[in-house]
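Pasting start28.cif here (mmCIF, C-alpha atoms and all ligand atoms):
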data_model
#
loop_
_atom_site.group_PDB
_atom_site.id
_atom_site.type_symbol
_atom_site.label_atom_id
_atom_site.label_comp_id
_atom_site.auth_asym_id
_atom_site.auth_seq_id
_atom_site.Cartn_x
_atom_site.Cartn_y
_atom_site.Cartn_z
ATOM 1 C CA MET A 1 -18.226 3.952 5.811
ATOM 2 C CA VAL A 2 -15.120 6.093 5.419
ATOM 3 C CA LYS A 3 -15.514 7.525 1.919
ATOM 4 C CA ASN A 4 -12.882 8.383 -0.708
ATOM 5 C CA LYS A 5 -9.935 6.957 1.143
ATOM 6 C CA ASP A 6 -7.577 4.171 0.110
ATOM 7 C CA LEU A 7 -7.153 2.692 3.563
ATOM 8 C CA LEU A 8 -4.665 0.114 4.783
ATOM 9 C CA ILE A 9 -5.856 -1.899 7.778
ATOM 10 C CA ALA A 10 -3.062 -3.966 9.289
ATOM 11 C CA GLY A 11 -3.422 -6.491 12.099
ATOM 12 C CA ASN A 12 -0.450 -7.033 14.409
ATOM 13 C CA TRP A 13 -0.932 -10.356 16.167
ATOM 14 C CA LYS A 14 2.248 -9.937 18.251
ATOM 15 C CA MET A 15 3.189 -13.246 19.991
ATOM 16 C CA ASN A 16 -0.285 -14.748 19.652
ATOM 17 C CA GLY A 17 -1.791 -17.424 17.455
ATOM 18 C CA SER A 18 -1.299 -21.027 16.433
ATOM 19 C CA LYS A 19 -2.380 -23.310 13.611
ATOM 20 C CA LYS A 20 -5.833 -23.281 15.228
ATOM 21 C CA ASN A 21 -6.170 -19.767 13.794
ATOM 22 C CA LEU A 22 -6.111 -21.020 10.191
ATOM 23 C CA SER A 23 -9.914 -20.982 10.320
ATOM 24 C CA MET A 24 -9.911 -17.259 11.101
ATOM 25 C CA ILE A 25 -7.902 -16.616 7.936
ATOM 26 C CA SER A 26 -10.406 -18.643 5.929
ATOM 27 C CA LEU A 27 -13.285 -16.615 7.422
ATOM 28 C CA LEU A 28 -11.441 -13.389 6.654
ATOM 29 C CA MET A 29 -10.858 -14.475 3.057
ATOM 30 C CA LYS A 30 -14.540 -15.300 2.619
ATOM 31 C CA TYR A 31 -15.542 -11.913 4.019
ATOM 32 C CA ILE A 32 -13.018 -10.031 1.855
ATOM 33 C CA LYS A 33 -14.284 -11.834 -1.252
ATOM 34 C CA GLN A 34 -17.919 -10.983 -0.427
ATOM 35 C CA LYS A 35 -17.203 -7.366 0.432
ATOM 36 C CA LYS A 36 -15.192 -6.737 -2.765
ATOM 37 C CA PHE A 37 -13.045 -3.933 -1.370
ATOM 38 C CA LYS A 38 -12.289 -1.429 -4.117
ATOM 39 C CA ASN A 39 -9.730 0.797 -2.489
ATOM 40 C CA SER A 40 -8.705 -0.698 0.799
ATOM 41 C CA GLU A 41 -5.887 -3.105 1.565
ATOM 42 C CA ILE A 42 -5.862 -5.630 4.381
ATOM 43 C CA LEU A 43 -2.776 -7.069 6.022
ATOM 44 C CA ILE A 44 -2.325 -9.609 8.812
ATOM 45 C CA CYS A 45 1.058 -9.910 10.536
ATOM 46 C CA PRO A 46 1.050 -13.141 12.544
ATOM 47 C CA PRO A 47 4.086 -14.644 14.300
ATOM 48 C CA ASN A 48 6.646 -15.992 11.796
ATOM 49 C CA THR A 49 5.543 -19.567 12.554
ATOM 50 C CA LEU A 50 2.228 -18.918 10.765
ATOM 51 C CA ILE A 51 3.316 -16.855 7.761
ATOM 52 C CA ASP A 52 3.819 -19.814 5.429
ATOM 53 C CA ALA A 53 0.461 -21.415 6.221
ATOM 54 C CA PHE A 54 -1.478 -18.121 6.138
ATOM 55 C CA SER A 55 0.070 -16.965 2.882
ATOM 56 C CA ASN A 56 -0.683 -20.316 1.260
ATOM 57 C CA ILE A 57 -4.381 -19.926 2.129
ATOM 58 C CA SER A 58 -4.548 -16.289 1.041
ATOM 59 C CA LYS A 59 -2.657 -16.650 -2.245
ATOM 60 C CA ARG A 60 -4.289 -14.723 -5.107
ATOM 61 C CA SER A 61 -6.605 -12.886 -2.696
ATOM 62 C CA LYS A 62 -6.646 -9.308 -1.473
ATOM 63 C CA LEU A 63 -5.419 -10.366 1.952
ATOM 64 C CA MET A 64 -1.721 -9.684 2.485
ATOM 65 C CA ILE A 65 0.385 -11.519 5.056
ATOM 66 C CA GLY A 66 3.376 -9.881 6.721
ATOM 67 C CA ALA A 67 5.930 -10.209 9.511
ATOM 68 C CA GLN A 68 6.522 -8.193 12.694
ATOM 69 C CA ASP A 69 10.288 -7.734 12.334
ATOM 70 C CA CYS A 70 13.238 -8.670 10.128
ATOM 71 C CA SER A 71 17.014 -8.585 10.217
ATOM 72 C CA ASP A 72 19.096 -5.807 8.712
ATOM 73 C CA LYS A 73 21.388 -8.527 7.309
ATOM 74 C CA GLU A 74 20.855 -10.700 4.267
ATOM 75 C CA TYR A 75 22.182 -14.079 5.569
ATOM 76 C CA GLY A 76 24.940 -15.545 7.719
ATOM 77 C CA ALA A 77 25.874 -16.170 11.338
ATOM 78 C CA PHE A 78 23.025 -14.285 13.044
ATOM 79 C CA THR A 79 21.380 -16.931 15.213
ATOM 80 C CA GLY A 80 17.647 -16.537 15.554
ATOM 81 C CA ASP A 81 17.318 -13.785 12.960
ATOM 82 C CA ILE A 82 15.274 -13.874 9.755
ATOM 83 C CA SER A 83 16.095 -11.806 6.673
ATOM 84 C CA PRO A 84 13.599 -10.060 4.395
ATOM 85 C CA SER A 85 14.384 -12.488 1.558
ATOM 86 C CA MET A 86 13.605 -15.425 3.875
ATOM 87 C CA LEU A 87 10.310 -13.794 4.799
ATOM 88 C CA LYS A 88 9.512 -13.376 1.108
ATOM 89 C CA ASP A 89 10.426 -17.009 0.548
ATOM 90 C CA ILE A 90 7.576 -18.085 2.876
ATOM 91 C CA GLY A 91 5.082 -15.672 1.320
ATOM 92 C CA SER A 92 5.422 -12.537 3.409
ATOM 93 C CA GLN A 93 4.593 -9.338 1.546
ATOM 94 C CA ALA A 94 5.161 -6.857 4.354
ATOM 95 C CA VAL A 95 6.993 -6.232 7.600
ATOM 96 C CA ILE A 96 6.388 -4.059 10.670
ATOM 97 C CA LEU A 97 9.575 -2.402 11.966
ATOM 98 C CA GLY A 98 10.405 -0.365 15.059
ATOM 99 C CA HIS A 99 7.271 -1.288 17.004
ATOM 100 C CA SER A 100 7.529 0.301 20.459
ATOM 101 C CA GLU A 101 7.627 -3.161 22.065
ATOM 102 C CA ARG A 102 10.790 -3.957 20.083
ATOM 103 C CA ARG A 103 12.228 -0.505 20.771
ATOM 104 C CA GLN A 104 11.611 -1.162 24.472
ATOM 105 C CA TYR A 105 12.227 -4.896 25.074
ATOM 106 C CA GLN A 106 14.870 -5.507 22.403
ATOM 107 C CA GLU A 107 16.334 -2.011 22.835
ATOM 108 C CA GLU A 108 16.163 -1.407 19.094
ATOM 109 C CA SER A 109 17.677 1.935 18.142
ATOM 110 C CA ASN A 110 16.556 4.313 15.394
ATOM 111 C CA LYS A 111 19.795 3.449 13.582
ATOM 112 C CA LEU A 112 19.050 -0.287 13.582
ATOM 113 C CA ILE A 113 15.456 0.305 12.509
ATOM 114 C CA ARG A 114 16.673 2.431 9.598
ATOM 115 C CA SER A 115 19.064 -0.301 8.531
ATOM 116 C CA LYS A 116 16.278 -2.912 8.746
ATOM 117 C CA ALA A 117 13.985 -0.616 6.741
ATOM 118 C CA GLU A 118 16.629 -0.253 4.012
ATOM 119 C CA ASN A 119 16.966 -4.024 3.825
ATOM 120 C CA ALA A 120 13.195 -4.585 3.755
ATOM 121 C CA LEU A 121 12.665 -1.957 1.028
ATOM 122 C CA ASN A 122 15.530 -3.393 -1.045
ATOM 123 C CA ASN A 123 13.672 -6.686 -0.916
ATOM 124 C CA ASN A 124 10.392 -5.075 -2.024
ATOM 125 C CA LEU A 125 8.519 -5.698 1.207
ATOM 126 C CA LEU A 126 5.806 -3.253 2.223
ATOM 127 C CA THR A 127 7.678 -1.669 5.133
ATOM 128 C CA ILE A 128 5.726 -0.225 8.073
ATOM 129 C CA VAL A 129 7.940 1.894 10.337
ATOM 130 C CA CYS A 130 6.392 2.677 13.754
ATOM 131 C CA VAL A 131 6.925 5.876 15.714
ATOM 132 C CA GLY A 132 5.293 7.137 18.901
ATOM 133 C CA GLU A 133 5.802 8.984 22.147
ATOM 134 C CA SER A 134 5.649 7.739 25.750
ATOM 135 C CA LEU A 135 3.185 9.177 28.262
ATOM 136 C CA ASN A 136 5.942 11.198 29.950
ATOM 137 C CA GLN A 137 7.053 12.639 26.631
ATOM 138 C CA LYS A 138 3.454 13.588 25.867
ATOM 139 C CA LYS A 139 2.926 15.135 29.310
ATOM 140 C CA SER A 140 6.073 17.208 28.961
ATOM 141 C CA GLY A 141 4.914 18.556 25.583
ATOM 142 C CA ASN A 142 7.556 16.686 23.598
ATOM 143 C CA THR A 143 5.370 14.580 21.303
ATOM 144 C CA LEU A 144 6.286 16.304 18.027
ATOM 145 C CA ARG A 145 9.963 16.596 18.915
ATOM 146 C CA VAL A 146 10.132 12.837 19.651
ATOM 147 C CA ILE A 147 8.241 11.873 16.499
ATOM 148 C CA GLY A 148 10.386 14.231 14.394
ATOM 149 C CA GLU A 149 13.564 12.650 15.736
ATOM 150 C CA GLN A 150 12.300 9.081 15.206
ATOM 151 C CA LEU A 151 11.305 9.890 11.612
ATOM 152 C CA LYS A 152 14.611 11.580 10.867
ATOM 153 C CA LYS A 153 16.708 8.732 12.255
ATOM 154 C CA SER A 154 14.667 5.594 11.500
ATOM 155 C CA LEU A 155 13.766 6.279 7.877
ATOM 156 C CA PRO A 156 16.159 5.612 5.001
ATOM 157 C CA ASP A 157 17.114 8.432 2.608
ATOM 158 C CA LYS A 158 16.379 6.251 -0.402
ATOM 159 C CA ILE A 159 12.807 5.020 -0.372
ATOM 160 C CA LYS A 160 10.207 3.413 -2.571
ATOM 161 C CA PRO A 161 7.181 5.521 -1.612
ATOM 162 C CA ASN A 162 4.613 2.874 -2.539
ATOM 163 C CA ASP A 163 6.371 0.407 -0.239
ATOM 164 C CA LEU A 164 6.895 2.666 2.770
ATOM 165 C CA VAL A 165 4.211 3.168 5.440
ATOM 166 C CA ILE A 166 4.479 5.093 8.717
ATOM 167 C CA ALA A 167 2.473 3.992 11.769
ATOM 168 C CA TYR A 168 1.920 6.591 14.475
ATOM 169 C CA GLU A 169 1.437 4.609 17.687
ATOM 170 C CA PRO A 170 1.467 6.565 20.958
ATOM 171 C CA ILE A 171 3.044 4.082 23.381
ATOM 172 C CA TRP A 172 0.540 4.955 26.115
ATOM 173 C CA ALA A 173 -2.358 4.104 23.787
ATOM 174 C CA ILE A 174 -1.139 0.604 22.893
ATOM 175 C CA GLY A 175 -3.239 -2.052 24.591
ATOM 176 C CA SER A 176 -4.498 0.446 27.181
ATOM 177 C CA GLY A 177 -7.930 1.350 25.830
ATOM 178 C CA LEU A 178 -6.788 4.985 25.806
ATOM 179 C CA VAL A 179 -6.807 6.922 22.532
ATOM 180 C CA PRO A 180 -5.675 10.497 21.790
ATOM 181 C CA ASN A 181 -8.494 12.842 20.854
ATOM 182 C CA ASN A 182 -9.117 13.375 17.143
ATOM 183 C CA ASP A 183 -7.448 16.813 17.172
ATOM 184 C CA ASP A 184 -4.257 15.356 18.633
ATOM 185 C CA ILE A 185 -4.213 12.533 16.076
ATOM 186 C CA TYR A 186 -4.735 15.118 13.300
ATOM 187 C CA LYS A 187 -1.881 17.293 14.620
ATOM 188 C CA VAL A 188 0.612 14.430 14.729
ATOM 189 C CA HIS A 189 -0.416 12.994 11.350
ATOM 190 C CA SER A 190 -0.229 16.373 9.594
ATOM 191 C CA PHE A 191 3.174 16.937 11.244
ATOM 192 C CA ILE A 192 4.374 13.550 9.925
ATOM 193 C CA SER A 193 3.025 14.395 6.468
ATOM 194 C CA ASP A 194 4.919 17.731 6.481
ATOM 195 C CA LYS A 195 8.150 16.041 7.574
ATOM 196 C CA LEU A 196 7.809 13.429 4.820
ATOM 197 C CA LYS A 197 7.152 16.167 2.230
ATOM 198 C CA SER A 198 10.189 18.164 3.226
ATOM 199 C CA ARG A 199 12.407 15.072 3.132
ATOM 200 C CA TYR A 200 11.076 13.194 0.106
ATOM 201 C CA GLY A 201 9.309 15.906 -1.921
ATOM 202 C CA GLY A 202 6.521 14.770 -4.278
ATOM 203 C CA LYS A 203 7.113 11.091 -3.464
ATOM 204 C CA ALA A 204 5.773 11.680 0.056
ATOM 205 C CA LYS A 205 2.175 11.809 -1.207
ATOM 206 C CA LYS A 206 2.257 8.059 -1.717
ATOM 207 C CA ILE A 207 3.423 7.202 1.808
ATOM 208 C CA LYS A 208 0.489 6.078 3.939
ATOM 209 C CA ILE A 209 0.309 7.166 7.582
ATOM 210 C CA LEU A 210 -1.530 4.725 9.852
ATOM 211 C CA TYR A 211 -2.792 5.362 13.367
ATOM 212 C CA GLY A 212 -2.292 2.572 15.932
ATOM 213 C CA GLY A 213 -3.177 2.247 19.624
ATOM 214 C CA SER A 214 -6.433 0.759 20.983
ATOM 215 C CA VAL A 215 -8.318 0.958 17.678
ATOM 216 C CA ASN A 216 -11.540 -1.009 17.999
ATOM 217 C CA LYS A 217 -14.953 -1.364 16.386
ATOM 218 C CA LYS A 218 -16.338 1.568 18.404
ATOM 219 C CA ASN A 219 -13.684 4.184 17.578
ATOM 220 C CA ALA A 220 -12.454 3.004 14.144
ATOM 221 C CA SER A 221 -14.886 4.979 11.996
ATOM 222 C CA SER A 222 -14.124 8.258 13.753
ATOM 223 C CA ILE A 223 -10.335 7.718 13.698
ATOM 224 C CA LEU A 224 -10.257 6.581 10.067
ATOM 225 C CA SER A 225 -12.186 9.696 9.028
ATOM 226 C CA ILE A 226 -9.522 12.098 10.350
ATOM 227 C CA ASP A 227 -7.517 13.902 7.631
ATOM 228 C CA TYR A 228 -4.038 12.436 7.073
ATOM 229 C CA VAL A 229 -5.088 9.102 8.603
ATOM 230 C CA ASP A 230 -4.677 6.513 5.840
ATOM 231 C CA GLY A 231 -5.482 3.436 7.864
ATOM 232 C CA ALA A 232 -4.889 1.662 11.138
ATOM 233 C CA LEU A 233 -2.449 -0.699 12.785
ATOM 234 C CA VAL A 234 -4.603 -2.875 15.007
ATOM 235 C CA GLY A 235 -3.300 -5.099 17.810
ATOM 236 C CA GLY A 236 -5.816 -6.713 20.181
ATOM 237 C CA ALA A 237 -8.849 -6.172 17.961
ATOM 238 C CA SER A 238 -7.215 -8.012 15.045
ATOM 239 C CA LEU A 239 -7.130 -11.308 16.928
ATOM 240 C CA LYS A 240 -10.861 -11.993 16.859
ATOM 241 C CA PHE A 241 -12.582 -12.265 13.485
ATOM 242 C CA SER A 242 -15.782 -10.444 14.516
ATOM 243 C CA ASP A 243 -13.834 -7.493 16.004
ATOM 244 C CA PHE A 244 -11.528 -7.153 13.008
ATOM 245 C CA ARG A 245 -14.401 -7.521 10.555
ATOM 246 C CA ALA A 246 -16.286 -4.730 12.321
ATOM 247 C CA ILE A 247 -13.308 -2.420 11.658
ATOM 248 C CA LEU A 248 -13.022 -3.559 8.027
ATOM 249 C CA ASP A 249 -16.742 -2.839 7.611
ATOM 250 C CA PHE A 250 -15.883 0.890 7.590
ATOM 251 C CA CYS A 251 -13.602 0.470 4.556
ATOM 252 C CA ASN A 252 -14.524 0.457 0.901
HETATM 253 C C1 LIG A 301 -0.036 -2.454 18.412
HETATM 254 O O1 LIG A 301 0.593 -3.009 19.293
HETATM 255 O O2 LIG A 301 0.483 -2.251 17.299
HETATM 256 C C2 LIG A 301 -1.392 -2.002 18.718
HETATM 257 C C3 LIG A 301 -1.892 -1.061 17.994
HETATM 258 O O3 LIG A 301 -2.018 -2.642 19.769
HETATM 259 P P1 LIG A 301 -3.529 -2.368 20.290
HETATM 260 O O4 LIG A 301 -4.410 -2.164 19.097
HETATM 261 O O5 LIG A 301 -3.884 -3.605 21.050
HETATM 262 O O6 LIG A 301 -3.469 -1.160 21.146
#

Could you quickly redo this structure as structure tokens?
Amino acid sequence: MVKNKDLLIAGNWKMNGSKKNLSMISLLMKYIKQKKFKNSEILICPPNTLIDAFSNISKRSKLMIGAQDCSDKEYGAFTGDISPSMLKDIGSQAVILGHSERRQYQEESNKLIRSKAENALNNNLLTIVCVGESLNQKKSGNTLRVIGEQLKKSLPDKIKPNDLVIAYEPIWAIGSGLVPNNDDIYKVHSFISDKLKSRYGGKAKKIKILYGGSVNKKNASSILSIDYVDGALVGGASLKFSDFRAILDFCN
């Protein structure tokens, strides 16, 4: 058990899942009810096709349902896009922005991510902004420079600290089974905390900093115990109930 921490554990299902997974949400709800989490928050971000159904099942429970992206626009001729208010309309309470897969495959820039984050925060969604370095950037000693730049350019100036979350996700750790050592995670998280303090002052205390990248039932307890780690963004291990539950078991 990771003591004295208000943790946020968020599951990113990416492009996985169908209505068959409704039973997993029911199991999760049952578990959350039994466990009676005092301080921790749990979020599942399925594909948009499942948000409505999942949020209907989890209404009035501690389980939050969120999305994996949103538009920086409110409405209009933007084929295929979904705005934060539309996500709220189907029960979404949160959104992940700037995931490295979107930065890479959709070529999302820091500027666009910042604009999306402004829109999401204006619509009172819990807004998780992802940052992280590539393996080459790490090998060339540029991790902190890259993270500093992403924070500076992808975060809005005006924030609601309770609604903003940062996820540190080294790109090379996502889905690879590789994880930075605890010292490296501590260094990056304390760096992010310092940057947030110098930009947002006292408000920064309320901004949670999650670690993401190959978190699983074996390493979760050790990672979640590191100072400045306020939770985890979990990909692969959030898809199977028993794996995700094993991570939640460390929370209180
Ligand atoms: C992710 O993609 O956000 C992630 C953390 O994936 P995984 O846990 O599978 O590495």

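Once region 113-117 of chain A and its same-chain neighbours fewer than 6 positions away are set aside, Cys70, Ser71, Asp72, Lys73, Leu97, Gly98, Thr127, Val129, Lys153, Ser154, Leu155 and Pro156 of chain A remain within 8 Å of it when counting all atoms listed in the file.
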
Do a neighbour search on Ile128 (chain A) at 7 Å with only C-alpha atoms, toss out local chain neighbours closer than 4 positions, and write the hits as a PDB file with C-alpha atoms, keeping the file's coordinate frame.
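File produced: out03.pdb:
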ATOM      1  CA  VAL A  95       6.993  -6.232   7.600  1.00  0.00           C
ATOM      2  CA  ILE A  96       6.388  -4.059  10.670  1.00  0.00           C
ATOM      3  CA  LEU A  97       9.575  -2.402  11.966  1.00  0.00           C
ATOM      4  CA  LEU A 164       6.895   2.666   2.770  1.00  0.00           C
ATOM      5  CA  VAL A 165       4.211   3.168   5.440  1.00  0.00           C
ATOM      6  CA  ILE A 166       4.479   5.093   8.717  1.00  0.00           C
ATOM      7  CA  ALA A 167       2.473   3.992  11.769  1.00  0.00           C
TER       8      ALA A 167
END

Throw together the list of residues within 9 Å of ligand LIG 301 (chain A), counting all atoms listed in the file, and drop it here as a PDB file with C-alpha atoms, keeping the file's coordinate frame.
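Produced file result-v1.pdb, reproduced below:
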ATOM      1  CA  ALA A  10      -3.062  -3.966   9.289  1.00  0.00           C
ATOM      2  CA  GLY A  11      -3.422  -6.491  12.099  1.00  0.00           C
ATOM      3  CA  ASN A  12      -0.450  -7.033  14.409  1.00  0.00           C
ATOM      4  CA  TRP A  13      -0.932 -10.356  16.167  1.00  0.00           C
ATOM      5  CA  LYS A  14       2.248  -9.937  18.251  1.00  0.00           C
ATOM      6  CA  HIS A  99       7.271  -1.288  17.004  1.00  0.00           C
ATOM      7  CA  SER A 100       7.529   0.301  20.459  1.00  0.00           C
ATOM      8  CA  GLU A 101       7.627  -3.161  22.065  1.00  0.00           C
ATOM      9  CA  CYS A 130       6.392   2.677  13.754  1.00  0.00           C
ATOM     10  CA  ALA A 167       2.473   3.992  11.769  1.00  0.00           C
ATOM     11  CA  GLU A 169       1.437   4.609  17.687  1.00  0.00           C
ATOM     12  CA  PRO A 170       1.467   6.565  20.958  1.00  0.00           C
ATOM     13  CA  ILE A 171       3.044   4.082  23.381  1.00  0.00           C
ATOM     14  CA  TRP A 172       0.540   4.955  26.115  1.00  0.00           C
ATOM     15  CA  ALA A 173      -2.358   4.104  23.787  1.00  0.00           C
ATOM     16  CA  ILE A 174      -1.139   0.604  22.893  1.00  0.00           C
ATOM     17  CA  GLY A 175      -3.239  -2.052  24.591  1.00  0.00           C
ATOM     18  CA  SER A 176      -4.498   0.446  27.181  1.00  0.00           C
ATOM     19  CA  GLY A 177      -7.930   1.350  25.830  1.00  0.00           C
ATOM     20  CA  LEU A 178      -6.788   4.985  25.806  1.00  0.00           C
ATOM     21  CA  VAL A 179      -6.807   6.922  22.532  1.00  0.00           C
ATOM     22  CA  TYR A 211      -2.792   5.362  13.367  1.00  0.00           C
ATOM     23  CA  GLY A 212      -2.292   2.572  15.932  1.00  0.00           C
ATOM     24  CA  GLY A 213      -3.177   2.247  19.624  1.00  0.00           C
ATOM     25  CA  SER A 214      -6.433   0.759  20.983  1.00  0.00           C
ATOM     26  CA  VAL A 215      -8.318   0.958  17.678  1.00  0.00           C
ATOM     27  CA  ASN A 216     -11.540  -1.009  17.999  1.00  0.00           C
ATOM     28  CA  ALA A 232      -4.889   1.662  11.138  1.00  0.00           C
ATOM     29  CA  LEU A 233      -2.449  -0.699  12.785  1.00  0.00           C
ATOM     30  CA  VAL A 234      -4.603  -2.875  15.007  1.00  0.00           C
ATOM     31  CA  GLY A 235      -3.300  -5.099  17.810  1.00  0.00           C
ATOM     32  CA  GLY A 236      -5.816  -6.713  20.181  1.00  0.00           C
ATOM     33  CA  ALA A 237      -8.849  -6.172  17.961  1.00  0.00           C
ATOM     34  CA  SER A 238      -7.215  -8.012  15.045  1.00  0.00           C
TER      35      SER A 238
END

Item to check | Explicit residue set for the PyMOL selection byres (((chain A and resi 188) around 12) and not hetatm), as a PyMOL selection string | outcome: chain A and resi 131-133+138+142-148+166-170+180-187+189-195+209-211+226-229

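CA of Leu63 (chain A) lies 25.5 Å from CA of Asp81 (chain A).
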
Item to check | d(CA of Ile42 (chain A), CA of Ile9 (chain A)) in Å | outcome: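 Between these atoms lies a distance of 5.0 Å.
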
Since the input lacks atoms, please generate all heavy atoms for region 206-213 of chain A and provide them as a PDB file, keeping the file's coordinate frame.
ATOM      1  N   LYS A 206       2.638   9.480  -1.622  1.00  0.00           N
ATOM      2  CA  LYS A 206       2.257   8.059  -1.717  1.00  0.00           C
ATOM      3  C   LYS A 206       2.483   7.292  -0.405  1.00  0.00           C
ATOM      4  O   LYS A 206       2.088   6.132  -0.288  1.00  0.00           O
ATOM      5  CB  LYS A 206       3.074   7.401  -2.822  1.00  0.00           C
ATOM      6  CG  LYS A 206       2.763   7.992  -4.171  1.00  0.00           C
ATOM      7  CD  LYS A 206       3.363   7.153  -5.262  1.00  0.00           C
ATOM      8  CE  LYS A 206       2.887   7.669  -6.599  1.00  0.00           C
ATOM      9  NZ  LYS A 206       3.857   7.421  -7.648  1.00  0.00           N
ATOM     10  N   ILE A 207       3.127   7.924   0.557  1.00  0.00           N
ATOM     11  CA  ILE A 207       3.423   7.202   1.808  1.00  0.00           C
ATOM     12  C   ILE A 207       2.207   7.260   2.733  1.00  0.00           C
ATOM     13  O   ILE A 207       1.784   8.337   3.147  1.00  0.00           O
ATOM     14  CB  ILE A 207       4.652   7.818   2.519  1.00  0.00           C
ATOM     15  CG1 ILE A 207       5.850   7.856   1.562  1.00  0.00           C
ATOM     16  CG2 ILE A 207       4.985   7.048   3.793  1.00  0.00           C
ATOM     17  CD1 ILE A 207       7.060   8.606   2.112  1.00  0.00           C
ATOM     18  N   LYS A 208       1.658   6.106   3.048  1.00  0.00           N
ATOM     19  CA  LYS A 208       0.489   6.078   3.939  1.00  0.00           C
ATOM     20  C   LYS A 208       0.922   6.291   5.396  1.00  0.00           C
ATOM     21  O   LYS A 208       1.995   5.852   5.803  1.00  0.00           O
ATOM     22  CB  LYS A 208      -0.221   4.735   3.828  1.00  0.00           C
ATOM     23  CG  LYS A 208      -1.058   4.584   2.577  1.00  0.00           C
ATOM     24  CD  LYS A 208      -1.958   3.355   2.696  1.00  0.00           C
ATOM     25  CE  LYS A 208      -3.106   3.370   1.717  1.00  0.00           C
ATOM     26  NZ  LYS A 208      -2.736   3.315   0.322  1.00  0.00           N
ATOM     27  N   ILE A 209       0.051   6.963   6.149  1.00  0.00           N
ATOM     28  CA  ILE A 209       0.309   7.166   7.582  1.00  0.00           C
ATOM     29  C   ILE A 209      -0.841   6.517   8.362  1.00  0.00           C
ATOM     30  O   ILE A 209      -1.993   6.952   8.273  1.00  0.00           O
ATOM     31  CB  ILE A 209       0.417   8.669   7.927  1.00  0.00           C
ATOM     32  CG1 ILE A 209       1.419   9.377   6.996  1.00  0.00           C
ATOM     33  CG2 ILE A 209       0.821   8.851   9.400  1.00  0.00           C
ATOM     34  CD1 ILE A 209       1.429  10.894   7.131  1.00  0.00           C
ATOM     35  N   LEU A 210      -0.508   5.452   9.088  1.00  0.00           N
ATOM     36  CA  LEU A 210      -1.530   4.725   9.852  1.00  0.00           C
ATOM     37  C   LEU A 210      -1.558   5.216  11.286  1.00  0.00           C
ATOM     38  O   LEU A 210      -0.532   5.638  11.819  1.00  0.00           O
ATOM     39  CB  LEU A 210      -1.227   3.220   9.882  1.00  0.00           C
ATOM     40  CG  LEU A 210      -0.868   2.507   8.577  1.00  0.00           C
ATOM     41  CD1 LEU A 210      -0.711   1.010   8.841  1.00  0.00           C
ATOM     42  CD2 LEU A 210      -1.905   2.768   7.504  1.00  0.00           C
ATOM     43  N   TYR A 211      -2.723   5.140  11.913  1.00  0.00           N
ATOM     44  CA  TYR A 211      -2.792   5.362  13.367  1.00  0.00           C
ATOM     45  C   TYR A 211      -2.878   3.989  14.030  1.00  0.00           C
ATOM     46  O   TYR A 211      -3.604   3.099  13.549  1.00  0.00           O
ATOM     47  CB  TYR A 211      -4.021   6.212  13.760  1.00  0.00           C
ATOM     48  CG  TYR A 211      -4.180   6.145  15.268  1.00  0.00           C
ATOM     49  CD1 TYR A 211      -3.364   6.922  16.084  1.00  0.00           C
ATOM     50  CD2 TYR A 211      -5.036   5.213  15.865  1.00  0.00           C
ATOM     51  CE1 TYR A 211      -3.410   6.779  17.473  1.00  0.00           C
ATOM     52  CE2 TYR A 211      -5.092   5.073  17.240  1.00  0.00           C
ATOM     53  CZ  TYR A 211      -4.270   5.860  18.034  1.00  0.00           C
ATOM     54  OH  TYR A 211      -4.296   5.708  19.397  1.00  0.00           O
ATOM     55  N   GLY A 212      -2.188   3.810  15.160  1.00  0.00           N
ATOM     56  CA  GLY A 212      -2.292   2.572  15.932  1.00  0.00           C
ATOM     57  C   GLY A 212      -2.318   2.865  17.416  1.00  0.00           C
ATOM     58  O   GLY A 212      -1.641   3.780  17.903  1.00  0.00           O
ATOM     59  N   GLY A 213      -3.074   2.083  18.167  1.00  0.00           N
ATOM     60  CA  GLY A 213      -3.177   2.247  19.624  1.00  0.00           C
ATOM     61  C   GLY A 213      -4.640   2.170  20.027  1.00  0.00           C
ATOM     62  O   GLY A 213      -5.363   3.158  19.880  1.00  0.00           O
TER      63      GLY A 213
END
